[in-house]
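Participant: Let me give you the structure first, and then I'll get to my questions.
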Amino acid sequence: MGGELAFIDRVRRLAGEPPAGQVWIGDDAAVIDGDLLFATDALVEGVHFDLSWSSAQDVGWKALAVNLSDLAAMGGTPRAAVAAIVVPPGRPGLADEVARGLVEGSRRWSCPLVGGDTVQGLELAVTVSVVGVPSAGGAVLRSGARVGELVFVTGEFGGAAAALRLFQDREARIASEGLTGASVAELGERLRRPEPKLGAGRAAAAAGASAMIDCSDGLAVDLARLCHASGVGVRVEASLMPTAIGATLDDALHGGEDYELCFTARDAARVKRAFDHHGLAAPRAIGRLRAGSLDLVMADGAVIPLPEWGWEHKVR
Ligand code: ADP
Ligand code: MG
């Protein structure tokens, strides 16, 4: 990850500063001229998925979902997507299956697939780009968090990481963790078919969220990114982390791929009202922003530095 972060920093310097009112490299989506949100993300076979546990249709679905998750993290609403598919030779029907998954997602999330590209390559890869529009109050950036505010998370964490472990060592895990068939299937869906939290993103924006990020790499590292972008510290309570059935605290903090949202806001009652109004479960407050360091309070009361590491694409 260090290499990737340093590279992104070099690209940011090369690309230069955006004009006033725009946001370029460094947030979940860019905010460009006319207040449009603009983002892209790629899924590559052997790095992000394996066709032994994911269908090509799932891959199409997920390629769109992870992009829409970045729009959700800005409090935005999708408008359109394009998809470039790299198709390996000798695997007929694969691209059609991917397209079916893309279109299934595009209907579900009201984000029409309006273009793309199809090229030959060594492995299956799907790159999606999306545009969207922010909520009335403007895009929610990573950088707006202030000392004293609460840290909220949507949904449950660690399910996707637990599913990946199950897929990689299936029989042993199911036996040792005592999971039922239904919970194994549910975990698998979290990894194969994540749901972008578009409604929650808009509810958070309506509740006056000061900063937001989607948890693609792991709650700990993604919350740390939000804190660094905002210049604040945090104290997170491990005991308050909503953890998926079958997942460990490590999965929940560092697993990634859950595509839940983490946001900061001052007024817990207003947050609850906004989520109620959207017909959504209230997000969980897991900590508070403060000046200084990023800390994690363990269940036994021990305080440790928030470990800033996460998902490193362990598929291959
Ligand atoms: P996310 O997980 O939200 O998609 P990433 O960690 O992939 O974000 O990227 C972090 C930031 O760096 C984003 O603003 C993204 O647009 C930018 N970025 C990543 N790779 C590149 C690249 N090759 N060129 C320009 N910007 C990039
Ligand atoms: Mg993101």
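Chain labels run A, B, ... following the order of the structure tokens; each chain numbers its residues from 1, and ligands are numbered from 1 in the order shown.
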If we count only C-alpha atoms, what is near stretch 234-247 of chain A at a cut-off of 8 Å, once residues fewer than 6 positions away on the same chain are taken out, given as an NGL selection string?

Facilitator: :A and (155-159 or 161-162 or 177 or 179 or 183 or 187 or 227 or 284-299 or 306)

Participant: Could you turn the residues from that selection into a file that holds N, CA and C atoms, as a tab-separated table (two decimals), in the first residue's frame?

Facilitator:
```tsv
chain	number	residue	atom	x	y	z
A	155	GLY	N	-24.27	-0.25	8.85
A	155	GLY	CA	-24.21	-1.70	8.62
A	155	GLY	C	-23.26	-2.46	9.53
A	156	GLU	N	-22.76	-3.57	8.99
A	156	GLU	CA	-21.87	-4.46	9.74
A	156	GLU	C	-20.57	-4.63	8.99
A	157	PHE	N	-19.51	-4.91	9.75
A	157	PHE	CA	-18.17	-4.98	9.17
A	157	PHE	C	-17.58	-6.38	9.28
A	158	GLY	N	-16.66	-6.69	8.39
A	158	GLY	CA	-15.88	-7.94	8.47
A	158	GLY	C	-16.45	-9.10	7.69
A	159	GLY	N	-17.69	-8.96	7.20
A	159	GLY	CA	-18.34	-10.08	6.51
A	159	GLY	C	-17.60	-10.49	5.24
A	161	ALA	N	-14.42	-10.09	4.45
A	161	ALA	CA	-13.13	-10.72	4.77
A	161	ALA	C	-13.34	-12.15	5.27
A	162	ALA	N	-14.38	-12.33	6.09
A	162	ALA	CA	-14.68	-13.68	6.59
A	162	ALA	C	-15.06	-14.59	5.43
A	177	GLU	N	-15.77	-22.83	12.61
A	177	GLU	CA	-16.48	-21.64	13.07
A	177	GLU	C	-17.95	-21.92	13.35
A	179	LEU	N	-20.54	-22.32	11.50
A	179	LEU	CA	-21.50	-21.49	10.77
A	179	LEU	C	-22.59	-22.34	10.13
A	183	SER	N	-25.78	-18.64	7.00
A	183	SER	CA	-24.85	-17.54	7.27
A	183	SER	C	-23.66	-17.57	6.33
A	187	LEU	N	-22.65	-14.41	3.99
A	187	LEU	CA	-21.29	-13.84	3.93
A	187	LEU	C	-20.80	-13.80	2.49
A	227	CYS	N	-9.43	11.01	8.91
A	227	CYS	CA	-8.83	11.83	9.98
A	227	CYS	C	-7.64	12.62	9.46
A	284	ARG	N	-24.30	3.39	13.65
A	284	ARG	CA	-23.76	3.21	15.00
A	284	ARG	C	-22.63	4.22	15.25
A	285	ALA	N	-22.66	4.90	16.40
A	285	ALA	CA	-21.54	5.78	16.78
A	285	ALA	C	-20.47	4.90	17.43
A	286	ILE	N	-19.25	4.96	16.90
A	286	ILE	CA	-18.17	4.08	17.40
A	286	ILE	C	-17.03	4.86	18.04
A	287	GLY	N	-17.13	6.17	18.01
A	287	GLY	CA	-16.03	6.93	18.60
A	287	GLY	C	-16.23	8.42	18.43
A	288	ARG	N	-15.22	9.18	18.86
A	288	ARG	CA	-15.32	10.64	18.81
A	288	ARG	C	-13.99	11.21	18.32
A	289	LEU	N	-14.10	12.29	17.55
A	289	LEU	CA	-12.90	12.96	17.04
A	289	LEU	C	-12.31	13.83	18.14
A	290	ARG	N	-10.97	13.95	18.13
A	290	ARG	CA	-10.30	14.77	19.13
A	290	ARG	C	-9.02	15.31	18.50
A	291	ALA	N	-8.37	16.20	19.21
A	291	ALA	CA	-7.07	16.66	18.73
A	291	ALA	C	-6.06	15.57	19.07
A	292	GLY	N	-5.01	15.45	18.28
A	292	GLY	CA	-3.95	14.50	18.65
A	292	GLY	C	-4.06	13.19	17.92
A	293	SER	N	-3.76	12.09	18.65
A	293	SER	CA	-3.50	10.81	17.99
A	293	SER	C	-4.79	10.07	17.62
A	294	LEU	N	-4.58	9.00	16.85
A	294	LEU	CA	-5.67	8.10	16.46
A	294	LEU	C	-5.57	6.87	17.33
A	295	ASP	N	-6.55	6.68	18.24
A	295	ASP	CA	-6.46	5.61	19.23
A	295	ASP	C	-7.64	4.65	19.14
A	296	LEU	N	-7.37	3.42	19.56
A	296	LEU	CA	-8.39	2.38	19.61
A	296	LEU	C	-8.46	1.88	21.04
A	297	VAL	N	-9.66	1.93	21.64
A	297	VAL	CA	-9.83	1.41	22.99
A	297	VAL	C	-10.33	-0.03	22.88
A	298	MET	N	-9.53	-0.97	23.37
A	298	MET	CA	-9.88	-2.39	23.28
A	298	MET	C	-10.96	-2.73	24.32
A	299	ALA	N	-11.56	-3.92	24.16
A	299	ALA	CA	-12.67	-4.30	25.05
A	299	ALA	C	-12.23	-4.31	26.51
A	306	LEU	N	-4.50	3.30	16.71
A	306	LEU	CA	-5.36	2.68	15.69
A	306	LEU	C	-4.47	2.09	14.60
```

Participant: Give me the residues near A:Val130 as a list in words, where near means some atom within 7 Å (using only C-alpha atoms) and where sequence neighbours in that chain fewer than 2 positions away do not count.

Facilitator: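 Within the cut-off, the hits are Phe38, Ala39, Thr40, Asn67, Ala80, Ala81, Val82, Val128 and Gly132 of chain A.
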
Participant: Hey, can you spit out that residue selection with N, CA and C atoms as a compact mmCIF listing (two decimals), in the first residue's frame?

Facilitator:
```
# COMPACT_ATOMS: atom_id res chain seq x y z
N PHE A 38 -17.29 12.44 -10.09
CA PHE A 38 -16.68 11.65 -11.17
C PHE A 38 -15.68 10.68 -10.51
N ALA A 39 -15.85 9.37 -10.77
CA ALA A 39 -14.97 8.39 -10.11
C ALA A 39 -14.77 7.16 -10.98
N THR A 40 -13.69 6.42 -10.74
CA THR A 40 -13.45 5.17 -11.46
C THR A 40 -12.77 4.16 -10.55
N ASN A 67 -17.91 1.34 -7.62
CA ASN A 67 -17.88 2.72 -8.11
C ASN A 67 -18.99 3.55 -7.47
N ALA A 80 -24.80 8.15 -14.51
CA ALA A 80 -24.47 7.27 -15.64
C ALA A 80 -23.13 6.58 -15.40
N ALA A 81 -22.96 5.44 -16.09
CA ALA A 81 -21.70 4.68 -15.98
C ALA A 81 -21.22 4.26 -17.36
N VAL A 82 -19.91 4.13 -17.51
CA VAL A 82 -19.32 3.47 -18.68
C VAL A 82 -18.44 2.34 -18.16
N VAL A 128 -14.85 0.47 -14.43
CA VAL A 128 -16.08 1.27 -14.56
C VAL A 128 -15.77 2.70 -14.15
N GLY A 132 -22.05 11.41 -11.14
CA GLY A 132 -23.20 11.57 -10.27
C GLY A 132 -23.34 13.02 -9.86
```

Participant: Skip A:Pro78 itself and residues of its chain fewer than 3 positions away, then list as a list in words all residues within 8 Å of it, counting only C-alpha atoms.

Facilitator: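 Counting only the stated atoms, we get Leu68, Leu71, Trp109, Ser110, Cys111, Val130, Val131, Gly132 and Val133 of chain A.
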
Participant: Would you mind reading off the distance between atom CA of A:Ala281 and atom CA of A:Ala220, one decimal, in Å?

Facilitator: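 It comes out at 22.2 Å.
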
Participant: Dump the neighbourhood of ligand 1 as a VMD selection string: all residues within 8 Å, distances computed on only C-alpha atoms and all ligand atoms.

Facilitator: chain A and resid 4 to 5 7 to 9 11 to 12 24 to 30 39 to 41 66 to 67 70 213 to 217

Participant: Which is closest to ligand 2 among A:Ala65, A:Val151, A:Ala268, A:Leu14, if we use only C-alpha atoms and all ligand atoms?

Facilitator: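 Comparing A:Ala65, A:Val151, A:Ala268, A:Leu14 against ligand 2, the winner is A:Ala65.
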